[in-house]
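J.: Can you keep this structure in mind? I'll have questions shortly.
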Amino acid sequence: MHELAPILSIEGVTVAFRSPGQSEDRIVLNRLQLSVEAGQFICLLGPSGCGKTTLLNCVAGFQPYAGNIYFNGARIEKPGKERGVVFQEYALFPWFTVEQNVEFGLRVNGVSAAERKELARHYIRMVGLTGFEKHYPGKLSGGMKQRAGLARVLANEPAMLLMDEPFAALDEQTREKLQTELLGLWEQQRKTCLFVTHSIQEAVYLADRVIVLQPNPARIALDLRIDLPRLRNRHDERLLQYQARISEILREGDAPYGEHLSIITA
Amino acid sequence: MENTFPSLPHKEVLSSPNKRLRFSQRKPWTRLLIKLSGLSILLLAWGLITGLGYVVPAQLPGPLATLQTMTHMLQDGSLVLHAASSLKRVFSGFLVAFAIALPLGLMLGSSRLLRDAINPVLELLRPIPPLAFISLAILWLGIDEWSKISIIIYGSFFPLLLNITGGISQVEPVHIRAAQSLGARKLQIFCHVTLRAAIPNMMIGIRSGMGMAFICLVGSELIAANEGLGFLIQEGRYMFKTDQVLVGMITIGIIGYFINLVITTLEKILLRWK
């Protein structure tokens, strides 16, 4: 299989935090290596405290780190519009309507009002929010808020999508629906995706490649390719086998942490 | 055989299981009536107490006598004159306070270091009632307009500053991050995110700053004033014209009511999204 030049190259990244009242740093990421090809859908999976969100924040440019992360050959130093972020808490601007939220990235990047309107309309339709353009986020359900969050990022046409447990706050039905729709959008756009989750099911349903992170000591415990065509059947025998394999790794790794995971056994 | 089934509830009960209506669901004239009822009871009680002779008019004149004095003062134009000079003081004081508090609040709100440095000063000054500054105001500024206005500036400054600072510093970090990763620059983030997020708190500051301005008004007009609503109240006391005292007080109440109405309307427009 021939390797493409990676779009994202994480080389020896270390991040340590010191909690108040403690004398020693806690190493969250330890000389982590990871290389991501363009167009891949990657899920970062692991229990709380494994550093998956920290890694995403490094790539987003929110978190200072030691080591190097190259995005299209340039070291990541700060946030940038080529790396769009979808947040678990949606992070929509409550004082803007759905439309104004979706237009925000275009507006601050100097896109003309007419073009903005057109693009916003397109992406709002794409996520199924047509008719809600003039609504304020406070009036929307969680699922609709995240659709708006997704449209806001897509309208900015980033080269890569960074998603930090975007569906974790949603109810199960909405979550599954949005997972499927996200894959639909991804098939159309083929953007590189870095998707953080603590749900094994979600990871194997979405990803080309699942990276399992473990704390104490911080490490990549598993780098697993999911070679199944999409859309996948959630009850597919092979999918369940992948799930079983991941949960086994997580159980071996650290029993007390493993319990926080939503482990489903077939 | 007798019908043993319980009778069905009446249709109206079925259609409105909860009989209590929200205020906004009532008819407009009903709403007006409800709103006026409290006021009428107050007026009625006032009329009864004075009309039955429990108090002498020099202590508390009746509502009709007060209304008479008020109409008289409106007709000869004196009330408008007094109200205008008071309003001029309140608004100049409030606007100067706002003009100082806004840039300072924006700076303090954006810098933790600055906040930590200036907070002790603010916390020491804040508990001193504005009226305690009257002596200094006279010594420094004399007894003309500016010594009165300075008291109002001082009074409305702190609620404005504290709320603007609070609003700016409480912007959600995740909103800043979202804006950054969408490509917004510092100034754009400040205008579209930080400032917007601070508006609810700013409105609280404006409301309470305006309240303080009126509280300080009456006190500031103790300083050798020749006109103004506070002066009217003062003079009324010296000359035993209790009706004039009441006219001054009621006028302040009415003006305050309308200013509050303006602020509330402004809030409704600016905070549509709430």
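Residue names in the structure tokens use chain letters A, B, ... in the order shown, residue numbers from 1 in each chain, and ligand numbers from 1 in the order shown.
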Find the residues of chain A in contact range of chain B, meaning any atom within 12 Å when counting only C-alpha atoms, and list them as an mmCIF file with C-alpha atoms, in the first residue's frame.
T.:
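Ended up saving to part.cif:
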```cif
data_model
loop_
_atom_site.group_PDB
_atom_site.id
_atom_site.type_symbol
_atom_site.label_atom_id
_atom_site.label_comp_id
_atom_site.auth_asym_id
_atom_site.auth_seq_id
_atom_site.Cartn_x
_atom_site.Cartn_y
_atom_site.Cartn_z
ATOM 1 C CA ASN A 57 -6.371 20.991 21.507
ATOM 2 C CA VAL A 59 -3.701 20.263 16.868
ATOM 3 C CA ALA A 60 -6.311 23.031 17.104
ATOM 4 C CA GLY A 61 -3.608 25.385 18.385
ATOM 5 C CA PHE A 62 -5.264 25.994 21.749
ATOM 6 C CA GLN A 63 -2.706 24.097 23.806
ATOM 7 C CA LYS A 78 -1.943 28.939 17.026
ATOM 8 C CA PRO A 79 -5.545 28.337 15.951
ATOM 9 C CA GLY A 80 -6.293 28.741 12.266
ATOM 10 C CA LYS A 81 -9.280 28.542 9.960
ATOM 11 C CA GLU A 82 -7.800 25.616 8.006
ATOM 12 C CA ARG A 83 -8.413 23.514 11.130
ATOM 13 C CA GLY A 84 -12.103 23.860 11.956
ATOM 14 C CA VAL A 85 -13.224 22.846 15.436
ATOM 15 C CA VAL A 86 -16.575 21.395 16.484
ATOM 16 C CA PHE A 87 -17.024 21.592 20.242
ATOM 17 C CA GLN A 88 -18.892 19.293 22.600
ATOM 18 C CA GLU A 89 -20.644 22.313 24.121
ATOM 19 C CA TYR A 90 -21.458 23.627 20.594
ATOM 20 C CA ALA A 91 -19.888 27.034 21.350
ATOM 21 C CA LEU A 92 -22.389 28.820 19.116
ATOM 22 C CA PHE A 93 -22.520 32.563 19.699
ATOM 23 C CA PRO A 94 -25.868 32.993 21.482
ATOM 24 C CA TRP A 95 -26.225 36.632 20.355
ATOM 25 C CA PHE A 96 -26.121 35.636 16.674
ATOM 26 C CA THR A 97 -28.823 33.816 14.735
ATOM 27 C CA VAL A 98 -28.057 30.449 13.121
ATOM 28 C CA GLN A 100 -25.069 34.834 11.492
ATOM 29 C CA ASN A 101 -23.217 32.035 13.274
ATOM 30 C CA VAL A 102 -22.681 30.144 10.034
ATOM 31 C CA GLU A 103 -21.552 33.343 8.309
ATOM 32 C CA PHE A 104 -19.166 34.313 11.100
ATOM 33 C CA GLY A 105 -16.032 32.657 9.741
ATOM 34 C CA LEU A 106 -16.681 34.050 6.269
ATOM 35 C CA ARG A 107 -17.361 37.498 7.676
ATOM 36 C CA VAL A 108 -14.125 37.744 9.662
ATOM 37 C CA ASN A 109 -12.230 36.486 6.629
ATOM 38 C CA GLY A 110 -13.567 39.251 4.430
ATOM 39 C CA LYS A 134 -33.285 33.371 11.853
ATOM 40 C CA HIS A 135 -33.482 31.390 15.095
ATOM 41 C CA TYR A 136 -31.192 32.133 17.994
ATOM 42 C CA PRO A 137 -29.242 29.119 19.321
ATOM 43 C CA GLY A 138 -30.946 29.373 22.703
ATOM 44 C CA LYS A 139 -34.194 28.304 21.059
ATOM 45 C CA LEU A 140 -32.740 25.174 19.420
ATOM 46 C CA GLY A 149 -21.997 24.168 14.828
ATOM 47 C CA LEU A 150 -21.115 21.801 12.014
ATOM 48 C CA ALA A 151 -22.480 24.150 9.350
ATOM 49 C CA ARG A 152 -20.499 27.030 10.832
ATOM 50 C CA VAL A 153 -17.277 25.067 10.514
ATOM 51 C CA LEU A 154 -18.018 23.587 7.074
ATOM 52 C CA ALA A 155 -18.939 27.008 5.644
ATOM 53 C CA ASN A 156 -15.401 28.127 6.450
ATOM 54 C CA GLU A 157 -14.098 25.284 4.237
ATOM 55 C CA PRO A 158 -11.317 24.055 6.506
ATOM 56 C CA MET A 160 -9.367 19.440 8.421
ATOM 57 C CA LEU A 161 -12.151 18.920 10.939
ATOM 58 C CA LEU A 162 -11.373 18.605 14.630
ATOM 59 C CA MET A 163 -14.309 17.288 16.612
ATOM 60 C CA ASP A 164 -14.197 17.124 20.396
#
```
J.: Which neighbours of B:Phe23 fall inside 12 Å, counting only C-alpha atoms, when residues of the same chain fewer than 5 positions from it are skipped, and could you give them as a tab-separated table (two decimals) with N, CA and C atoms, in the first residue's frame?
T.:
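Wrote it out as out.tsv, contents follow:
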```tsv
chain	number	residue	atom	x	y	z
B	28	PRO	N	-55.62	43.04	26.89
B	28	PRO	CA	-54.89	44.27	27.22
B	28	PRO	C	-55.55	45.10	28.31
B	29	TRP	N	-56.89	45.25	28.23
B	29	TRP	CA	-57.53	46.11	29.23
B	29	TRP	C	-57.50	45.47	30.61
B	30	THR	N	-57.53	44.14	30.66
B	30	THR	CA	-57.43	43.44	31.93
B	30	THR	C	-56.04	43.69	32.53
B	31	ARG	N	-55.03	43.63	31.63
B	31	ARG	CA	-53.67	43.85	32.10
B	31	ARG	C	-53.51	45.24	32.69
B	32	LEU	N	-54.09	46.24	32.00
B	32	LEU	CA	-54.01	47.63	32.47
B	32	LEU	C	-54.67	47.75	33.85
B	33	LEU	N	-55.83	47.07	33.96
B	33	LEU	CA	-56.59	47.12	35.21
B	33	LEU	C	-55.77	46.54	36.36
B	34	ILE	N	-55.13	45.40	36.08
B	34	ILE	CA	-54.31	44.76	37.13
B	34	ILE	C	-53.17	45.69	37.53
B	35	LYS	N	-52.55	46.29	36.50
B	35	LYS	CA	-51.41	47.16	36.76
B	35	LYS	C	-51.82	48.38	37.58
```
J.: What residues in stretch 41-270 of chain B get the DSSP label alpha helix (DSSP H)? Please answer as a PyMOL selection string.
T.: chain B and resi 41-51+63-75+78-110+112-125+134-141+145-169+173-181+186-189+195-220+229-238+242-270
J.: For stretch 180-196 of chain A, find every residue with an atom within 9 Å (counting only C-alpha atoms), except residues of its own chain fewer than 2 positions away, and show them as a PyMOL selection string.
T.: chain A and resi 7+36-46+52-53+56+126-127+150+158-166+175-178+198+203+205-207+230-231
J.: With N, CA and C atoms retained, export the selected residues as an mmCIF file, in the first residue's frame.
T.:
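The resulting selection-v8.cif:
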```cif
data_model
loop_
_atom_site.group_PDB
_atom_site.id
_atom_site.type_symbol
_atom_site.label_atom_id
_atom_site.label_comp_id
_atom_site.auth_asym_id
_atom_site.auth_seq_id
_atom_site.Cartn_x
_atom_site.Cartn_y
_atom_site.Cartn_z
ATOM 1 N N ILE A 7 -0.998 14.704 5.977
ATOM 2 C CA ILE A 7 -1.471 16.087 6.116
ATOM 3 C C ILE A 7 -1.133 16.590 7.512
ATOM 4 N N VAL A 36 -1.160 11.342 10.067
ATOM 5 C CA VAL A 36 -2.512 11.230 9.528
ATOM 6 C C VAL A 36 -2.508 11.574 8.043
ATOM 7 N N GLU A 37 -3.058 10.668 7.221
ATOM 8 C CA GLU A 37 -3.131 10.946 5.788
ATOM 9 C C GLU A 37 -4.348 11.805 5.469
ATOM 10 N N ALA A 38 -4.219 12.554 4.398
ATOM 11 C CA ALA A 38 -5.334 13.411 3.979
ATOM 12 C C ALA A 38 -6.554 12.554 3.682
ATOM 13 N N GLY A 39 -7.698 12.993 4.142
ATOM 14 C CA GLY A 39 -8.947 12.302 3.857
ATOM 15 C C GLY A 39 -9.300 11.197 4.835
ATOM 16 N N GLN A 40 -8.424 10.932 5.764
ATOM 17 C CA GLN A 40 -8.706 9.881 6.747
ATOM 18 C C GLN A 40 -9.680 10.368 7.811
ATOM 19 N N PHE A 41 -10.479 9.423 8.288
ATOM 20 C CA PHE A 41 -11.349 9.704 9.424
ATOM 21 C C PHE A 41 -10.763 8.974 10.623
ATOM 22 N N ILE A 42 -10.198 9.757 11.548
ATOM 23 C CA ILE A 42 -9.513 9.166 12.689
ATOM 24 C C ILE A 42 -10.322 9.399 13.956
ATOM 25 N N CYS A 43 -10.504 8.357 14.751
ATOM 26 C CA CYS A 43 -11.107 8.557 16.059
ATOM 27 C C CYS A 43 -10.056 8.398 17.137
ATOM 28 N N LEU A 44 -9.984 9.365 18.023
ATOM 29 C CA LEU A 44 -9.135 9.258 19.210
ATOM 30 C C LEU A 44 -10.032 8.766 20.322
ATOM 31 N N LEU A 45 -9.702 7.597 20.860
ATOM 32 C CA LEU A 45 -10.582 6.948 21.830
ATOM 33 C C LEU A 45 -9.820 6.696 23.115
ATOM 34 N N GLY A 46 -10.496 6.822 24.226
ATOM 35 C CA GLY A 46 -9.845 6.505 25.488
ATOM 36 C C GLY A 46 -10.657 7.005 26.653
ATOM 37 N N LYS A 52 -6.835 12.562 25.153
ATOM 38 C CA LYS A 52 -7.352 12.668 23.793
ATOM 39 C C LYS A 52 -7.788 14.091 23.455
ATOM 40 N N THR A 53 -8.448 14.751 24.396
ATOM 41 C CA THR A 53 -8.860 16.134 24.143
ATOM 42 C C THR A 53 -7.647 17.072 24.133
ATOM 43 N N LEU A 56 -6.156 16.865 20.768
ATOM 44 C CA LEU A 56 -6.961 17.633 19.813
ATOM 45 C C LEU A 56 -6.718 19.137 19.997
ATOM 46 N N MET A 126 -27.381 21.846 3.907
ATOM 47 C CA MET A 126 -26.615 20.603 3.983
ATOM 48 C C MET A 126 -26.803 19.901 5.330
ATOM 49 N N VAL A 127 -26.878 20.676 6.420
ATOM 50 C CA VAL A 127 -27.051 20.052 7.738
ATOM 51 C C VAL A 127 -28.529 19.955 8.130
ATOM 52 N N LEU A 150 -21.756 22.483 13.140
ATOM 53 C CA LEU A 150 -21.115 21.801 12.014
ATOM 54 C C LEU A 150 -21.170 22.677 10.757
ATOM 55 N N PRO A 158 -12.630 24.399 5.951
ATOM 56 C CA PRO A 158 -11.317 24.055 6.506
ATOM 57 C C PRO A 158 -10.743 22.830 5.784
ATOM 58 N N ALA A 159 -9.428 22.632 5.904
ATOM 59 C CA ALA A 159 -8.805 21.457 5.294
ATOM 60 C C ALA A 159 -8.993 20.252 6.191
ATOM 61 N N MET A 160 -9.250 20.529 7.463
ATOM 62 C CA MET A 160 -9.367 19.440 8.421
ATOM 63 C C MET A 160 -10.421 19.770 9.458
ATOM 64 N N LEU A 161 -11.131 18.728 9.911
ATOM 65 C CA LEU A 161 -12.151 18.920 10.939
ATOM 66 C C LEU A 161 -11.664 18.320 12.249
ATOM 67 N N LEU A 162 -11.730 19.107 13.314
ATOM 68 C CA LEU A 162 -11.373 18.605 14.630
ATOM 69 C C LEU A 162 -12.653 18.583 15.457
ATOM 70 N N MET A 163 -13.029 17.396 15.912
ATOM 71 C CA MET A 163 -14.309 17.288 16.612
ATOM 72 C C MET A 163 -14.084 16.714 18.005
ATOM 73 N N ASP A 164 -14.449 17.512 19.013
ATOM 74 C CA ASP A 164 -14.197 17.124 20.396
ATOM 75 C C ASP A 164 -15.477 16.594 21.039
ATOM 76 N N GLU A 165 -15.650 15.297 21.026
ATOM 77 C CA GLU A 165 -16.863 14.651 21.541
ATOM 78 C C GLU A 165 -18.122 15.424 21.147
ATOM 79 N N PRO A 166 -18.316 15.641 19.857
ATOM 80 C CA PRO A 166 -19.385 16.560 19.435
ATOM 81 C C PRO A 166 -20.788 16.056 19.765
ATOM 82 N N ARG A 175 -27.918 11.171 18.596
ATOM 83 C CA ARG A 175 -26.499 10.917 18.384
ATOM 84 C C ARG A 175 -26.304 9.989 17.175
ATOM 85 N N GLU A 176 -27.062 8.888 17.145
ATOM 86 C CA GLU A 176 -26.893 7.936 16.042
ATOM 87 C C GLU A 176 -27.265 8.570 14.711
ATOM 88 N N LYS A 177 -28.309 9.394 14.743
ATOM 89 C CA LYS A 177 -28.750 10.067 13.527
ATOM 90 C C LYS A 177 -27.649 11.003 13.013
ATOM 91 N N LEU A 178 -27.081 11.766 13.942
ATOM 92 C CA LEU A 178 -26.044 12.717 13.535
ATOM 93 C C LEU A 178 -24.769 12.023 13.096
ATOM 94 N N HIS A 198 -15.332 8.963 23.678
ATOM 95 C CA HIS A 198 -15.052 7.946 24.684
ATOM 96 C C HIS A 198 -15.945 6.723 24.460
ATOM 97 N N ALA A 203 -16.680 5.101 17.811
ATOM 98 C CA ALA A 203 -15.397 5.072 17.118
ATOM 99 C C ALA A 203 -15.403 4.068 15.967
ATOM 100 N N TYR A 205 -17.901 2.762 14.432
ATOM 101 C CA TYR A 205 -18.924 3.062 13.428
ATOM 102 C C TYR A 205 -18.426 4.125 12.455
ATOM 103 N N LEU A 206 -17.649 5.102 12.983
ATOM 104 C CA LEU A 206 -17.261 6.239 12.164
ATOM 105 C C LEU A 206 -15.920 6.073 11.457
ATOM 106 N N ALA A 207 -14.927 5.519 12.166
ATOM 107 C CA ALA A 207 -13.534 5.769 11.777
ATOM 108 C C ALA A 207 -12.981 4.835 10.717
ATOM 109 N N ARG A 230 -18.614 1.781 4.297
ATOM 110 C CA ARG A 230 -19.682 2.538 4.947
ATOM 111 C C ARG A 230 -20.879 2.542 4.016
ATOM 112 N N LEU A 231 -22.080 2.783 4.470
ATOM 113 C CA LEU A 231 -22.415 2.905 5.877
ATOM 114 C C LEU A 231 -22.390 1.539 6.527
#
```
J.: Using DSSP assignments from the backbone, pull out every residue in stretch 19-226 of chain A that falls under strand (DSSP E or B) and give it to me as a PyMOL selection string.
T.: chain A and resi 26-37+41-45+66-71+74-75+83-86+160-164+192-197+199+209-214+219-225
J.: Output C-alpha atoms for every residue in that selection, as a PDB file, in the first residue's frame.
T.:
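The resulting file, part04.pdb, is reproduced below:
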```
ATOM      1  CA  ARG A  26       1.280  14.816  35.390  1.00  0.00           C
ATOM      2  CA  ILE A  27       2.382  13.786  31.926  1.00  0.00           C
ATOM      3  CA  VAL A  28      -0.697  13.716  29.715  1.00  0.00           C
ATOM      4  CA  LEU A  29       1.007  13.169  26.374  1.00  0.00           C
ATOM      5  CA  ASN A  30       4.420  11.539  26.309  1.00  0.00           C
ATOM      6  CA  ARG A  31       6.519  11.864  23.148  1.00  0.00           C
ATOM      7  CA  LEU A  32       3.508  10.943  21.087  1.00  0.00           C
ATOM      8  CA  GLN A  33       3.959  10.028  17.425  1.00  0.00           C
ATOM      9  CA  LEU A  34       1.091   9.994  14.965  1.00  0.00           C
ATOM     10  CA  SER A  35       0.796  10.564  11.277  1.00  0.00           C
ATOM     11  CA  VAL A  36      -2.512  11.230   9.528  1.00  0.00           C
ATOM     12  CA  GLU A  37      -3.131  10.946   5.788  1.00  0.00           C
ATOM     13  CA  PHE A  41     -11.349   9.704   9.424  1.00  0.00           C
ATOM     14  CA  ILE A  42      -9.513   9.166  12.689  1.00  0.00           C
ATOM     15  CA  CYS A  43     -11.107   8.557  16.059  1.00  0.00           C
ATOM     16  CA  LEU A  44      -9.135   9.258  19.210  1.00  0.00           C
ATOM     17  CA  LEU A  45     -10.582   6.948  21.830  1.00  0.00           C
ATOM     18  CA  ALA A  66       6.700  20.389  23.441  1.00  0.00           C
ATOM     19  CA  GLY A  67       7.709  18.605  20.259  1.00  0.00           C
ATOM     20  CA  ASN A  68       6.382  19.270  16.791  1.00  0.00           C
ATOM     21  CA  ILE A  69       3.040  19.077  15.047  1.00  0.00           C
ATOM     22  CA  TYR A  70       3.134  19.820  11.345  1.00  0.00           C
ATOM     23  CA  PHE A  71       0.024  20.572   9.400  1.00  0.00           C
ATOM     24  CA  ALA A  74       3.948  24.058   8.811  1.00  0.00           C
ATOM     25  CA  ARG A  75       4.340  23.832  12.581  1.00  0.00           C
ATOM     26  CA  ARG A  83      -8.413  23.514  11.130  1.00  0.00           C
ATOM     27  CA  GLY A  84     -12.103  23.860  11.956  1.00  0.00           C
ATOM     28  CA  VAL A  85     -13.224  22.846  15.436  1.00  0.00           C
ATOM     29  CA  VAL A  86     -16.575  21.395  16.484  1.00  0.00           C
ATOM     30  CA  MET A 160      -9.367  19.440   8.421  1.00  0.00           C
ATOM     31  CA  LEU A 161     -12.151  18.920  10.939  1.00  0.00           C
ATOM     32  CA  LEU A 162     -11.373  18.605  14.630  1.00  0.00           C
ATOM     33  CA  MET A 163     -14.309  17.288  16.612  1.00  0.00           C
ATOM     34  CA  ASP A 164     -14.197  17.124  20.396  1.00  0.00           C
ATOM     35  CA  THR A 192      -9.544  14.783   7.125  1.00  0.00           C
ATOM     36  CA  CYS A 193     -11.312  14.257  10.446  1.00  0.00           C
ATOM     37  CA  LEU A 194      -9.906  14.003  13.920  1.00  0.00           C
ATOM     38  CA  PHE A 195     -12.779  12.906  16.128  1.00  0.00           C
ATOM     39  CA  VAL A 196     -12.436  12.552  19.892  1.00  0.00           C
ATOM     40  CA  THR A 197     -14.801  10.165  21.628  1.00  0.00           C
ATOM     41  CA  SER A 199     -17.531   5.600  23.038  1.00  0.00           C
ATOM     42  CA  ARG A 209      -8.627   4.280  11.983  1.00  0.00           C
ATOM     43  CA  VAL A 210      -9.099   4.172  15.746  1.00  0.00           C
ATOM     44  CA  ILE A 211      -6.281   5.396  17.973  1.00  0.00           C
ATOM     45  CA  VAL A 212      -6.718   4.180  21.539  1.00  0.00           C
ATOM     46  CA  LEU A 213      -4.966   6.306  24.153  1.00  0.00           C
ATOM     47  CA  GLN A 214      -4.241   5.144  27.682  1.00  0.00           C
ATOM     48  CA  ARG A 219       0.682   6.098  25.502  1.00  0.00           C
ATOM     49  CA  ILE A 220      -1.005   4.961  22.318  1.00  0.00           C
ATOM     50  CA  ALA A 221      -2.297   1.539  23.303  1.00  0.00           C
ATOM     51  CA  LEU A 222      -3.687   0.586  19.901  1.00  0.00           C
ATOM     52  CA  ASP A 223      -3.718   1.889  16.352  1.00  0.00           C
ATOM     53  CA  LEU A 224      -6.440  -0.021  14.570  1.00  0.00           C
ATOM     54  CA  ARG A 225      -7.642   0.234  10.971  1.00  0.00           C
TER      55      ARG A 225
END
```
J.: Could you pull the residues within 9 Å of stretch 263-266 of chain B, counting only C-alpha atoms, minus those fewer than 4 positions along the same chain, as a PDB file with C-alpha atoms, in the first residue's frame?
T.:
```pdb
ATOM      1  CA  MET B 203     -27.245  46.767  30.927  1.00  0.00           C
ATOM      2  CA  ILE B 206     -26.598  51.088  33.251  1.00  0.00           C
ATOM      3  CA  ARG B 207     -29.739  50.317  35.222  1.00  0.00           C
ATOM      4  CA  PHE B 258     -40.038  56.435  32.427  1.00  0.00           C
ATOM      5  CA  ILE B 259     -36.246  56.171  32.364  1.00  0.00           C
ATOM      6  CA  LEU B 270     -30.248  44.422  22.505  1.00  0.00           C
ATOM      7  CA  LEU B 271     -30.924  41.139  24.261  1.00  0.00           C
TER       8      LEU B 271
END
```
J.: Using only C-alpha atoms, pick whichever of B:Ser208, B:Asn163, B:Ser86, B:Asn201 has the shortest atom-to-atom distance to B:Leu108.
T.: B:Asn163
